[in-house]
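Pasting structure-v9.cif here (mmCIF, C-alpha atoms and all ligand atoms):
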```
data_target
#
loop_
_atom_site.group_PDB
_atom_site.id
_atom_site.type_symbol
_atom_site.label_atom_id
_atom_site.label_comp_id
_atom_site.auth_asym_id
_atom_site.auth_seq_id
_atom_site.Cartn_x
_atom_site.Cartn_y
_atom_site.Cartn_z
ATOM 1 C CA MET A 1 0.000 0.000 0.000
ATOM 2 C CA ASN A 2 2.878 2.399 0.452
ATOM 3 C CA ASP A 3 3.409 5.282 -1.909
ATOM 4 C CA CYS A 4 4.101 8.920 -1.106
ATOM 5 C CA ASN A 5 0.517 9.513 0.038
ATOM 6 C CA ASN A 6 0.447 6.247 2.004
ATOM 7 C CA PRO A 7 3.757 5.962 3.842
ATOM 8 C CA LEU A 8 2.679 3.188 6.226
ATOM 9 C CA THR A 9 3.149 -0.426 5.146
ATOM 10 C CA GLY A 10 -0.364 -0.840 6.514
ATOM 11 C CA LEU A 11 -2.730 0.690 9.042
ATOM 12 C CA GLU A 12 -1.338 -1.640 11.691
ATOM 13 C CA GLU A 13 1.830 0.384 11.781
ATOM 14 C CA TRP A 14 -0.022 3.322 13.306
ATOM 15 C CA GLU A 15 -1.572 1.029 15.906
ATOM 16 C CA GLU A 16 1.809 -0.476 16.777
ATOM 17 C CA PHE A 17 3.086 3.050 17.377
ATOM 18 C CA LEU A 18 0.119 3.730 19.690
ATOM 19 C CA LYS A 19 1.050 0.658 21.696
ATOM 20 C CA GLN A 20 4.614 1.898 22.107
ATOM 21 C CA ARG A 21 3.316 5.244 23.307
ATOM 22 C CA TYR A 22 0.714 3.781 25.619
ATOM 23 C CA PRO A 23 2.240 0.491 26.775
ATOM 24 C CA GLU A 24 0.058 -2.083 28.447
ATOM 25 C CA PRO A 25 0.100 -1.608 32.221
ATOM 26 C CA GLU A 26 0.836 -4.549 34.491
ATOM 27 C CA THR A 27 -2.732 -4.836 35.691
ATOM 28 C CA ARG A 28 -5.808 -4.085 33.672
ATOM 29 C CA SER A 29 -8.234 -3.974 36.541
ATOM 30 C CA SER A 30 -9.484 -0.430 36.119
ATOM 31 C CA ALA A 31 -9.339 2.534 33.757
ATOM 32 C CA LYS A 32 -7.537 4.433 36.531
ATOM 33 C CA THR A 33 -4.447 2.359 35.894
ATOM 34 C CA PHE A 34 -3.937 4.300 32.698
ATOM 35 C CA GLU A 35 -3.642 7.719 34.231
ATOM 36 C CA ALA A 36 -0.015 8.743 34.524
ATOM 37 C CA ALA A 37 1.280 10.029 37.799
ATOM 38 C CA ASN A 38 3.691 12.671 36.619
ATOM 39 C CA PRO A 39 2.650 14.822 33.637
ATOM 40 C CA GLU A 40 6.182 16.180 33.067
ATOM 41 C CA LYS A 41 7.639 12.685 32.814
ATOM 42 C CA LYS A 42 4.845 11.771 30.481
ATOM 43 C CA LYS A 43 5.608 14.723 28.217
ATOM 44 C CA GLU A 44 9.264 13.764 28.059
ATOM 45 C CA ALA A 45 8.408 10.148 27.259
ATOM 46 C CA PHE A 46 6.140 11.384 24.498
ATOM 47 C CA ARG A 47 8.966 13.276 22.820
ATOM 48 C CA ASN A 48 11.118 10.147 23.013
ATOM 49 C CA TYR A 49 8.468 8.135 21.193
ATOM 50 C CA GLU A 50 8.478 10.750 18.480
ATOM 51 C CA THR A 51 12.241 10.504 18.084
ATOM 52 C CA ALA A 52 12.122 6.715 18.026
ATOM 53 C CA ALA A 53 9.228 6.524 15.552
ATOM 54 C CA ARG A 54 9.905 4.844 12.235
ATOM 55 C CA PRO A 55 10.305 7.240 9.283
ATOM 56 C CA SER A 56 7.085 5.863 7.785
ATOM 57 C CA VAL A 57 5.114 6.666 10.947
ATOM 58 C CA ARG A 58 6.680 10.108 11.151
ATOM 59 C CA GLU A 59 5.804 10.817 7.537
ATOM 60 C CA PHE A 60 2.255 9.564 8.127
ATOM 61 C CA TYR A 61 1.770 12.079 10.958
ATOM 62 C CA ARG A 62 3.393 14.835 8.910
ATOM 63 C CA LEU A 63 0.793 14.357 6.175
ATOM 64 C CA ASN A 64 -2.052 13.999 8.667
ATOM 65 C CA HIS A 65 -1.177 17.186 10.534
ATOM 66 C CA ARG A 66 -0.430 19.107 7.341
ATOM 67 C CA TYR A 67 -3.689 18.293 5.549
ATOM 68 C CA GLN A 68 -6.344 17.814 8.252
ATOM 69 C CA THR A 69 -7.766 21.343 8.212
ATOM 70 C CA TYR A 70 -11.217 22.511 9.238
ATOM 71 C CA GLU A 71 -12.155 22.848 5.586
ATOM 72 C CA PHE A 72 -10.797 19.437 4.642
ATOM 73 C CA GLY A 73 -13.064 17.751 7.184
ATOM 74 C CA GLN A 74 -16.074 19.732 5.981
ATOM 75 C CA GLY A 75 -15.371 18.601 2.424
ATOM 76 C CA LYS A 76 -15.060 14.939 3.442
ATOM 77 C CA ARG A 77 -18.318 15.138 5.401
ATOM 78 C CA LYS A 78 -20.044 16.366 2.263
ATOM 79 C CA GLU A 79 -18.374 13.704 0.188
ATOM 80 C CA PHE A 80 -19.089 10.708 2.410
ATOM 81 C CA LEU A 81 -21.908 11.409 4.846
ATOM 82 C CA SER A 82 -24.704 11.256 2.323
ATOM 83 C CA LEU A 83 -23.991 7.522 2.723
ATOM 84 C CA ASN A 84 -24.780 6.656 -0.850
ATOM 85 C CA ARG A 85 -21.788 4.500 -1.693
ATOM 86 C CA ARG A 86 -22.997 1.040 -0.732
ATOM 87 C CA GLN A 87 -25.884 -0.809 0.888
ATOM 88 C CA MET A 88 -24.774 -3.705 3.038
ATOM 89 C CA GLY A 89 -25.373 -5.489 6.291
ATOM 90 C CA VAL A 90 -22.872 -5.387 9.145
ATOM 91 C CA TRP A 91 -21.437 -8.856 8.487
ATOM 92 C CA GLU A 92 -21.116 -8.049 4.811
ATOM 93 C CA ALA A 93 -19.231 -4.871 5.751
ATOM 94 C CA LEU A 94 -16.891 -6.948 7.937
ATOM 95 C CA GLU A 95 -16.173 -9.205 4.975
ATOM 96 C CA TYR A 96 -15.662 -6.173 2.761
ATOM 97 C CA LEU A 97 -13.176 -4.658 5.231
ATOM 98 C CA ASN A 98 -11.429 -8.006 5.256
ATOM 99 C CA THR A 99 -10.438 -7.498 1.625
ATOM 100 C CA LEU A 100 -8.141 -4.725 2.898
ATOM 101 C CA VAL A 101 -4.837 -6.519 3.133
ATOM 102 C CA ASP A 102 -2.498 -5.170 5.750
ATOM 103 C CA ASP A 103 1.144 -6.171 5.273
ATOM 104 C CA SER A 104 2.489 -4.545 8.368
ATOM 105 C CA ASP A 105 1.294 -6.769 11.179
ATOM 106 C CA PRO A 106 4.745 -7.699 12.432
ATOM 107 C CA ASP A 107 4.251 -11.262 13.554
ATOM 108 C CA THR A 108 0.866 -12.586 12.586
ATOM 109 C CA ASP A 109 -1.041 -13.134 9.426
ATOM 110 C CA LEU A 110 -4.388 -12.373 10.980
ATOM 111 C CA SER A 111 -6.973 -10.446 9.031
ATOM 112 C CA GLN A 112 -8.926 -7.326 9.967
ATOM 113 C CA LEU A 113 -11.898 -9.533 10.828
ATOM 114 C CA ASP A 114 -9.742 -11.750 13.080
ATOM 115 C CA HIS A 115 -8.595 -8.668 15.000
ATOM 116 C CA LEU A 116 -12.113 -7.336 15.401
ATOM 117 C CA LEU A 117 -13.335 -10.721 16.616
ATOM 118 C CA GLN A 118 -10.469 -10.937 19.108
ATOM 119 C CA THR A 119 -11.425 -7.530 20.480
ATOM 120 C CA ALA A 120 -15.112 -8.458 20.733
ATOM 121 C CA GLU A 121 -14.353 -11.853 22.298
ATOM 122 C CA GLN A 122 -12.215 -10.299 25.038
ATOM 123 C CA ILE A 123 -15.007 -7.846 25.820
ATOM 124 C CA ARG A 124 -17.430 -10.771 25.931
ATOM 125 C CA ARG A 125 -15.170 -12.809 28.228
ATOM 126 C CA ASP A 126 -15.052 -9.865 30.628
ATOM 127 C CA GLY A 127 -18.836 -9.966 30.958
ATOM 128 C CA GLN A 128 -19.469 -6.532 29.422
ATOM 129 C CA PRO A 129 -22.920 -5.551 28.066
ATOM 130 C CA ARG A 130 -23.977 -6.833 24.645
ATOM 131 C CA TRP A 131 -23.800 -3.400 22.991
ATOM 132 C CA PHE A 132 -20.195 -3.139 24.225
ATOM 133 C CA ILE A 133 -19.313 -6.441 22.536
ATOM 134 C CA LEU A 134 -20.994 -5.254 19.345
ATOM 135 C CA ALA A 135 -19.182 -1.915 19.419
ATOM 136 C CA GLY A 136 -15.915 -3.848 19.777
ATOM 137 C CA LEU A 137 -16.771 -5.976 16.769
ATOM 138 C CA ILE A 138 -17.551 -3.083 14.468
ATOM 139 C CA HIS A 139 -15.464 -0.181 15.779
ATOM 140 C CA ASP A 140 -12.983 -0.206 12.890
ATOM 141 C CA LEU A 141 -15.445 -0.792 10.044
ATOM 142 C CA GLY A 142 -14.942 2.836 9.016
ATOM 143 C CA LYS A 143 -11.567 1.736 7.671
ATOM 144 C CA ILE A 144 -13.402 0.724 4.513
ATOM 145 C CA LEU A 145 -12.654 4.357 3.587
ATOM 146 C CA CYS A 146 -9.281 2.953 2.467
ATOM 147 C CA LEU A 147 -11.111 0.696 0.024
ATOM 148 C CA TYR A 148 -12.759 3.795 -1.444
ATOM 149 C CA GLY A 149 -9.232 4.989 -2.223
ATOM 150 C CA GLU A 150 -8.798 7.418 0.668
ATOM 151 C CA PRO A 151 -5.206 8.024 1.849
ATOM 152 C CA GLN A 152 -4.113 6.568 5.203
ATOM 153 C CA TRP A 153 -3.802 9.998 6.842
ATOM 154 C CA ALA A 154 -7.508 10.636 6.128
ATOM 155 C CA VAL A 155 -8.626 7.278 7.587
ATOM 156 C CA VAL A 156 -6.548 6.613 10.707
ATOM 157 C CA GLY A 157 -4.353 8.554 13.136
ATOM 158 C CA ASP A 158 -5.050 10.102 16.526
ATOM 159 C CA THR A 159 -8.003 12.443 16.044
ATOM 160 C CA PHE A 160 -8.299 16.000 17.373
ATOM 161 C CA PRO A 161 -10.721 18.933 17.157
ATOM 162 C CA VAL A 162 -10.257 21.304 14.228
ATOM 163 C CA GLY A 163 -11.323 24.965 14.371
ATOM 164 C CA CYS A 164 -9.502 25.643 17.644
ATOM 165 C CA ALA A 165 -5.892 25.545 18.876
ATOM 166 C CA TRP A 166 -4.207 22.123 18.738
ATOM 167 C CA SER A 167 -3.302 20.731 22.126
ATOM 168 C CA GLU A 168 0.444 20.609 22.811
ATOM 169 C CA ARG A 169 -0.130 17.010 23.803
ATOM 170 C CA ILE A 170 -1.010 15.882 20.310
ATOM 171 C CA VAL A 171 1.815 13.679 19.082
ATOM 172 C CA PHE A 172 4.113 15.350 16.506
ATOM 173 C CA HIS A 173 2.568 18.708 17.348
ATOM 174 C CA GLN A 174 5.340 20.484 15.417
ATOM 175 C CA PHE A 175 3.904 19.260 12.111
ATOM 176 C CA PHE A 176 0.892 21.544 12.570
ATOM 177 C CA GLU A 177 3.167 24.427 11.578
ATOM 178 C CA ASP A 178 2.530 23.534 7.947
ATOM 179 C CA ASN A 179 -1.234 23.255 8.398
ATOM 180 C CA PRO A 180 -2.958 26.265 6.730
ATOM 181 C CA ASP A 181 -5.239 26.588 9.794
ATOM 182 C CA SER A 182 -2.189 27.736 11.749
ATOM 183 C CA ARG A 183 -2.543 31.027 9.832
ATOM 184 C CA GLN A 184 -6.274 31.398 10.588
ATOM 185 C CA ALA A 185 -6.447 33.532 13.715
ATOM 186 C CA ALA A 186 -10.044 32.444 14.425
ATOM 187 C CA TYR A 187 -8.893 28.808 14.689
ATOM 188 C CA GLN A 188 -5.923 29.472 16.898
ATOM 189 C CA THR A 189 -7.482 30.466 20.214
ATOM 190 C CA ARG A 190 -8.138 27.932 22.948
ATOM 191 C CA LEU A 191 -11.863 27.767 22.092
ATOM 192 C CA GLY A 192 -11.618 28.726 18.418
ATOM 193 C CA VAL A 193 -15.053 28.610 16.813
ATOM 194 C CA TYR A 194 -16.588 26.782 19.808
ATOM 195 C CA GLY A 195 -18.174 27.754 23.104
ATOM 196 C CA GLU A 196 -16.923 26.585 26.478
ATOM 197 C CA HIS A 197 -18.401 23.116 27.235
ATOM 198 C CA CYS A 198 -20.427 23.211 24.009
ATOM 199 C CA GLY A 199 -20.369 19.403 23.806
ATOM 200 C CA LEU A 200 -18.315 17.265 21.426
ATOM 201 C CA ASP A 201 -21.328 16.747 19.202
ATOM 202 C CA ASN A 202 -20.884 20.406 18.202
ATOM 203 C CA VAL A 203 -17.150 20.049 17.665
ATOM 204 C CA ARG A 204 -15.658 19.147 14.283
ATOM 205 C CA MET A 205 -13.062 16.444 14.679
ATOM 206 C CA SER A 206 -10.277 15.686 12.218
ATOM 207 C CA TRP A 207 -11.734 13.368 9.598
ATOM 208 C CA GLY A 208 -11.293 9.605 9.723
ATOM 209 C CA HIS A 209 -12.761 6.140 10.233
ATOM 210 C CA ASP A 210 -14.255 6.952 13.644
ATOM 211 C CA GLU A 211 -16.453 9.804 12.436
ATOM 212 C CA TYR A 212 -17.519 7.990 9.285
ATOM 213 C CA LEU A 213 -18.686 4.860 11.115
ATOM 214 C CA PHE A 214 -20.479 6.922 13.751
ATOM 215 C CA HIS A 215 -22.706 8.379 11.048
ATOM 216 C CA VAL A 216 -23.433 4.965 9.547
ATOM 217 C CA VAL A 217 -24.577 3.446 12.859
ATOM 218 C CA LYS A 218 -25.833 6.441 14.862
ATOM 219 C CA ASP A 219 -29.526 5.477 14.741
ATOM 220 C CA TYR A 220 -29.008 1.976 16.078
ATOM 221 C CA LEU A 221 -26.744 1.884 19.123
ATOM 222 C CA PRO A 222 -26.931 3.317 22.663
ATOM 223 C CA PRO A 223 -25.017 6.577 23.306
ATOM 224 C CA GLU A 224 -22.228 4.776 25.206
ATOM 225 C CA ALA A 225 -21.440 2.612 22.180
ATOM 226 C CA LEU A 226 -21.678 5.586 19.840
ATOM 227 C CA HIS A 227 -19.183 7.565 21.903
ATOM 228 C CA MET A 228 -16.826 4.597 21.921
ATOM 229 C CA ILE A 229 -17.010 4.378 18.145
ATOM 230 C CA ARG A 230 -16.805 8.095 17.448
ATOM 231 C CA TYR A 231 -13.949 8.926 19.817
ATOM 232 C CA HIS A 232 -11.869 5.765 20.075
ATOM 233 C CA SER A 233 -8.932 7.469 18.264
ATOM 234 C CA PHE A 234 -9.295 10.711 20.231
ATOM 235 C CA TYR A 235 -6.153 9.886 22.238
ATOM 236 C CA PRO A 236 -5.474 13.507 23.242
ATOM 237 C CA ALA A 237 -8.740 13.371 25.217
ATOM 238 C CA HIS A 238 -9.215 9.806 26.415
ATOM 239 C CA ARG A 239 -5.568 9.093 27.239
ATOM 240 C CA ASP A 240 -4.124 12.542 27.879
ATOM 241 C CA GLY A 241 -7.099 14.327 29.428
ATOM 242 C CA GLU A 242 -7.070 17.254 26.989
ATOM 243 C CA TYR A 243 -10.035 19.232 25.611
ATOM 244 C CA THR A 244 -12.271 18.815 28.667
ATOM 245 C CA PHE A 245 -13.327 22.464 28.135
ATOM 246 C CA LEU A 246 -15.197 21.383 25.006
ATOM 247 C CA MET A 247 -17.016 18.530 26.743
ATOM 248 C CA ASN A 248 -20.435 18.761 28.329
ATOM 249 C CA GLU A 249 -21.801 16.666 31.160
ATOM 250 C CA GLN A 250 -22.892 13.865 28.833
ATOM 251 C CA ASP A 251 -19.453 13.672 27.193
ATOM 252 C CA ARG A 252 -17.811 13.389 30.592
ATOM 253 C CA GLU A 253 -20.125 10.522 31.490
ATOM 254 C CA MET A 254 -19.690 8.786 28.161
ATOM 255 C CA PHE A 255 -15.914 9.106 28.201
ATOM 256 C CA LYS A 256 -15.808 6.592 31.021
ATOM 257 C CA TRP A 257 -16.861 4.085 28.381
ATOM 258 C CA VAL A 258 -14.451 5.430 25.781
ATOM 259 C CA ARG A 259 -11.653 4.882 28.294
ATOM 260 C CA ALA A 260 -12.962 1.465 29.246
ATOM 261 C CA PHE A 261 -12.887 0.444 25.601
ATOM 262 C CA ASN A 262 -9.348 1.589 24.837
ATOM 263 C CA PRO A 263 -7.437 -1.340 26.432
ATOM 264 C CA TYR A 264 -9.521 -3.767 24.371
ATOM 265 C CA ASP A 265 -8.649 -1.808 21.260
ATOM 266 C CA LEU A 266 -4.922 -1.668 21.983
ATOM 267 C CA TYR A 267 -4.052 -4.824 23.866
ATOM 268 C CA THR A 268 -6.222 -7.732 22.759
ATOM 269 C CA LYS A 269 -4.482 -8.691 19.554
ATOM 270 C CA SER A 270 -3.008 -12.151 19.791
ATOM 271 C CA HIS A 271 -1.766 -14.931 17.560
ATOM 272 C CA ALA A 272 -4.790 -17.107 18.172
ATOM 273 C CA ARG A 273 -7.067 -17.076 15.178
ATOM 274 C CA PRO A 274 -10.724 -16.918 16.261
ATOM 275 C CA ASN A 275 -12.862 -19.826 15.114
ATOM 276 C CA LEU A 276 -15.237 -18.187 12.701
ATOM 277 C CA THR A 277 -17.636 -21.109 12.296
ATOM 278 C CA GLU A 278 -18.041 -21.438 16.016
ATOM 279 C CA LEU A 279 -18.503 -17.719 16.652
ATOM 280 C CA ARG A 280 -20.670 -16.738 13.725
ATOM 281 C CA PRO A 281 -24.094 -17.673 15.210
ATOM 282 C CA PHE A 282 -23.494 -15.573 18.340
ATOM 283 C CA TYR A 283 -22.462 -12.538 16.314
ATOM 284 C CA ASP A 284 -25.230 -12.945 13.731
ATOM 285 C CA GLU A 285 -27.739 -12.800 16.539
ATOM 286 C CA LEU A 286 -26.017 -9.851 18.207
ATOM 287 C CA ILE A 287 -25.979 -7.903 14.944
ATOM 288 C CA ARG A 288 -29.681 -8.707 14.344
ATOM 289 C CA GLU A 289 -30.530 -7.463 17.814
ATOM 290 C CA TYR A 290 -29.397 -3.918 16.971
ATOM 291 C CA PHE A 291 -29.172 -3.503 13.211
ATOM 292 C CA PRO A 292 -31.478 -3.840 10.209
ATOM 293 C CA ALA A 293 -30.478 -6.370 7.523
ATOM 294 C CA SER A 294 -28.949 -3.641 5.399
ATOM 295 C CA LEU A 295 -27.376 -0.254 6.159
ATOM 296 C CA ARG A 296 -26.319 2.684 4.023
ATOM 297 C CA TRP A 297 -22.587 3.276 3.785
HETATM 298 FE FE FE A 301 -9.823 2.352 15.057
#
```

Please rewrite the model in this file as structure tokens.
Ligand SMILES: [Fe+2]
Amino acid sequence: MNDCNNPLTGLEEWEEFLKQRYPEPETRSSAKTFEAANPEKKKEAFRNYETAARPSVREFYRLNHRYQTYEFGQGKRKEFLSLNRRQMGVWEALEYLNTLVDDSDPDTDLSQLDHLLQTAEQIRRDGQPRWFILAGLIHDLGKILCLYGEPQWAVVGDTFPVGCAWSERIVFHQFFEDNPDSRQAAYQTRLGVYGEHCGLDNVRMSWGHDEYLFHVVKDYLPPEALHMIRYHSFYPAHRDGEYTFLMNEQDREMFKWVRAFNPYDLYTKSHARPNLTELRPFYDELIREYFPASLRW
């Protein structure tokens, strides 16, 4: 997949980098475990991850930060959110995503579907609610944007609000210097075009697979699951505690679930290939419980 617009060998490379930045803690008993004790230390560690990042990952973030402007996201919303590209059911979409071949998974030859099933199965083993399991199964379906020919930097990457100042805690912050929004005074204040605690629903996020999938499924899942889907790549907020001034009461409540989901997203990939034949009936039923037979994509 790599060319100058797609520097990563595959989307996995971005996720591997996330795991280096946010290593798995010793115990996974509570979301609290993930809050760092010393913010200064954390900042320093962050810079080290940047220095150690592979050139492909660095280049990926350079493109992402250079091109994800307020206007770019507006354009992509117009282009994709009429949802008139395909009609398909959720399982069909999983199989479609599975045609996206990722060469970069360092030591397994598991498919996108295998990874999503591993995530969902771990959530299920932990006795989480059924909508949580379902959200785990589908959370990356928005990556089908790649199959529509979208570049990697417009599909994955840590997401962040556009239309206001970029948090210093966003990884590779220096690359925002080349973003045209850096010269738009209205976008460079703390609040930018937003009001204090206006709620994330009123905030434009950088464009990617999270936002796209949210719009496909928004009529069918409970708000907790929708927040998990829409903000699972919003690392500056759910891992680094930034942008709370844009959140309202509901966001603060819902972010407990976004944080609860993150370890499943980052740490459940294993070598064990899920047994599709055995699992399919459970997931067919789960999908039927929440979704119609066909959805607009
Ligand atoms: Fe994702």

I'd like to see the residues matched by the PyMOL selection byres (((chain A and resi 100) around 9) and not hetatm) on this file, and ideally I'd get them as an mmCIF file with C-alpha atoms, in the coordinates of the input.
```
data_model
loop_
_atom_site.group_PDB
_atom_site.id
_atom_site.type_symbol
_atom_site.label_atom_id
_atom_site.label_comp_id
_atom_site.auth_asym_id
_atom_site.auth_seq_id
_atom_site.Cartn_x
_atom_site.Cartn_y
_atom_site.Cartn_z
ATOM 1 C CA TYR A 96 -15.662 -6.173 2.761
ATOM 2 C CA LEU A 97 -13.176 -4.658 5.231
ATOM 3 C CA ASN A 98 -11.429 -8.006 5.256
ATOM 4 C CA THR A 99 -10.438 -7.498 1.625
ATOM 5 C CA VAL A 101 -4.837 -6.519 3.133
ATOM 6 C CA ASP A 102 -2.498 -5.170 5.750
ATOM 7 C CA SER A 111 -6.973 -10.446 9.031
ATOM 8 C CA GLN A 112 -8.926 -7.326 9.967
ATOM 9 C CA LYS A 143 -11.567 1.736 7.671
ATOM 10 C CA ILE A 144 -13.402 0.724 4.513
ATOM 11 C CA CYS A 146 -9.281 2.953 2.467
ATOM 12 C CA LEU A 147 -11.111 0.696 0.024
#
```

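Shortest atom-to-atom contact with Pro223 in chain A among A:Glu44, A:Ala154, A:Ala135, A:Tyr267: A:Ala135, counting all atoms listed in the file.
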
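The result of the PyMOL selection byres (((chain A and resi 5) around 9) and not hetatm) on the shown file is Asn2, Asp3, Cys4, Asn6, Pro7, Phe60, Leu63, Pro151, Gln152 and Trp153 of chain A.
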
Show me a table, sorted first by chain and then by increasing residue number, of the residues of chain A having an atom at most 9 Å from ligand FE 301 (chain A), each with its shortest atom pair and the distance in Å to one decimal, counting only C-alpha atoms and all ligand atoms and written as JSON lines.
```
{"residue": "A:Glu15", "atom": "CA", "partner": "A:FE301", "partner_atom": "FE", "distance": 8.4}
{"residue": "A:His139", "atom": "CA", "partner": "A:FE301", "partner_atom": "FE", "distance": 6.2}
{"residue": "A:Asp140", "atom": "CA", "partner": "A:FE301", "partner_atom": "FE", "distance": 4.6}
{"residue": "A:Leu141", "atom": "CA", "partner": "A:FE301", "partner_atom": "FE", "distance": 8.2}
{"residue": "A:Gly142", "atom": "CA", "partner": "A:FE301", "partner_atom": "FE", "distance": 7.9}
{"residue": "A:Lys143", "atom": "CA", "partner": "A:FE301", "partner_atom": "FE", "distance": 7.6}
{"residue": "A:Val156", "atom": "CA", "partner": "A:FE301", "partner_atom": "FE", "distance": 6.9}
{"residue": "A:Gly157", "atom": "CA", "partner": "A:FE301", "partner_atom": "FE", "distance": 8.5}
{"residue": "A:His209", "atom": "CA", "partner": "A:FE301", "partner_atom": "FE", "distance": 6.8}
{"residue": "A:Asp210", "atom": "CA", "partner": "A:FE301", "partner_atom": "FE", "distance": 6.5}
{"residue": "A:Ile229", "atom": "CA", "partner": "A:FE301", "partner_atom": "FE", "distance": 8.1}
{"residue": "A:His232", "atom": "CA", "partner": "A:FE301", "partner_atom": "FE", "distance": 6.4}
{"residue": "A:Ser233", "atom": "CA", "partner": "A:FE301", "partner_atom": "FE", "distance": 6.1}
{"residue": "A:Asp265", "atom": "CA", "partner": "A:FE301", "partner_atom": "FE", "distance": 7.6}
```

Would you pick out the contacts of Thr159 in chain A at 8 Å or less, using only C-alpha atoms, so that residues sharing its chain but fewer than 6 positions from it are not included, and give the list as a JSON list (two decimals) with C-alpha atoms, in the frame of the given file?
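out19.json, freshly written:
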```json
[["chain", "number", "residue", "atom", "x", "y", "z"],
["A", 205, "MET", "CA", -13.06, 16.44, 14.68],
["A", 206, "SER", "CA", -10.28, 15.69, 12.22],
["A", 207, "TRP", "CA", -11.73, 13.37, 9.60],
["A", 208, "GLY", "CA", -11.29, 9.60, 9.72],
["A", 231, "TYR", "CA", -13.95, 8.93, 19.82],
["A", 233, "SER", "CA", -8.93, 7.47, 18.26],
["A", 234, "PHE", "CA", -9.30, 10.71, 20.23],
["A", 235, "TYR", "CA", -6.15, 9.89, 22.24],
["A", 236, "PRO", "CA", -5.47, 13.51, 23.24]]
```

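Going from CA of Tyr187 in chain A over to CA of Asp240 in chain A, you cover 21.5 Å.
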
Residues picked by the PyMOL selection byres (((chain A and resi 161) around 9) and not hetatm) here, as a VMD selection string? chain A and resid 70 159 to 160 162 to 166 200 203 to 206 234 243

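Restricting the calculation to only C-alpha atoms, the smallest distance between Ile123 in chain A and any of A:Leu18, A:Ala260, A:Ala52, A:Leu286 is found for A:Ala260.
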
Find the residue from A:Glu278, A:Glu211, A:Glu150, A:Glu289 that sits nearest to Leu81 in chain A; use only C-alpha atoms when measuring.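 Among A:Glu278, A:Glu211, A:Glu150, A:Glu289, it is A:Glu211 that comes nearest to Leu81 in chain A.
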
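Of the listed residues A:Leu221, A:Val258, A:Leu110, A:Val57, the one whose atoms come nearest to Ile138 in chain A is A:Leu221, with distances taken using only C-alpha atoms.
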
Residue neighbourhood Asp251 in chain A, 8 Å, only C-alpha atoms, exclusion window fewer than 3 positions, as number ranges by chain: A: 199-200, 247-248, 254-255

As a check of understanding: the span from CA of Thr119 in chain A to CA of Phe17 in chain A is 18.2 Å

Go through A:Ala237, A:Val155, A:Gly10, A:Ser294 and flag the residue nearest Gly73 in chain A, using only C-alpha atoms for the distances. A:Val155

CA of Lys256 in chain A to CA of Arg124 in chain A: how many Å, to one decimal?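 Separating CA of Lys256 in chain A from CA of Arg124 in chain A is a distance of 18.2 Å.
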
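Using only C-alpha atoms, the nearest neighbour of Glu224 in chain A within the list A:Tyr194, A:Phe132, A:Phe245, A:Tyr22 is A:Phe132.
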
Would you compute the box with edges along x, y and z of the file around range 243-251 of chain A, including every atom the file lists for it and 3 Å extra on each side, and give its centre and edge lengths in Å to one decimal, as lines of an AutoDock Vina configuration file?
```
center_x = -16.5
center_y = 18.1
center_z = 28.1
size_x = 18.9
size_y = 14.8
size_z = 12.2
```

Give me the residues within 6 Å of range 173-180 of chain A as a PyMOL selection string, counting all atoms listed in the file and dropping any in the same chain fewer than 6 places off. chain A and resi 62+65-66

Shell around Tyr290 in chain A at 9 Å using all atoms listed in the file, local window under 6 positions removed, as JSON, numbers by chain: {"A": [131, 134, 220, 221]}

Give as an MDAnalysis selection string every residue, naming chains and numbers as the document does, that has an atom within 10 Å of (-24.7, 5.0, 11.9), counting all atoms listed in the file. chainID A and resid 81 83 211:221 226 229 291 295:297
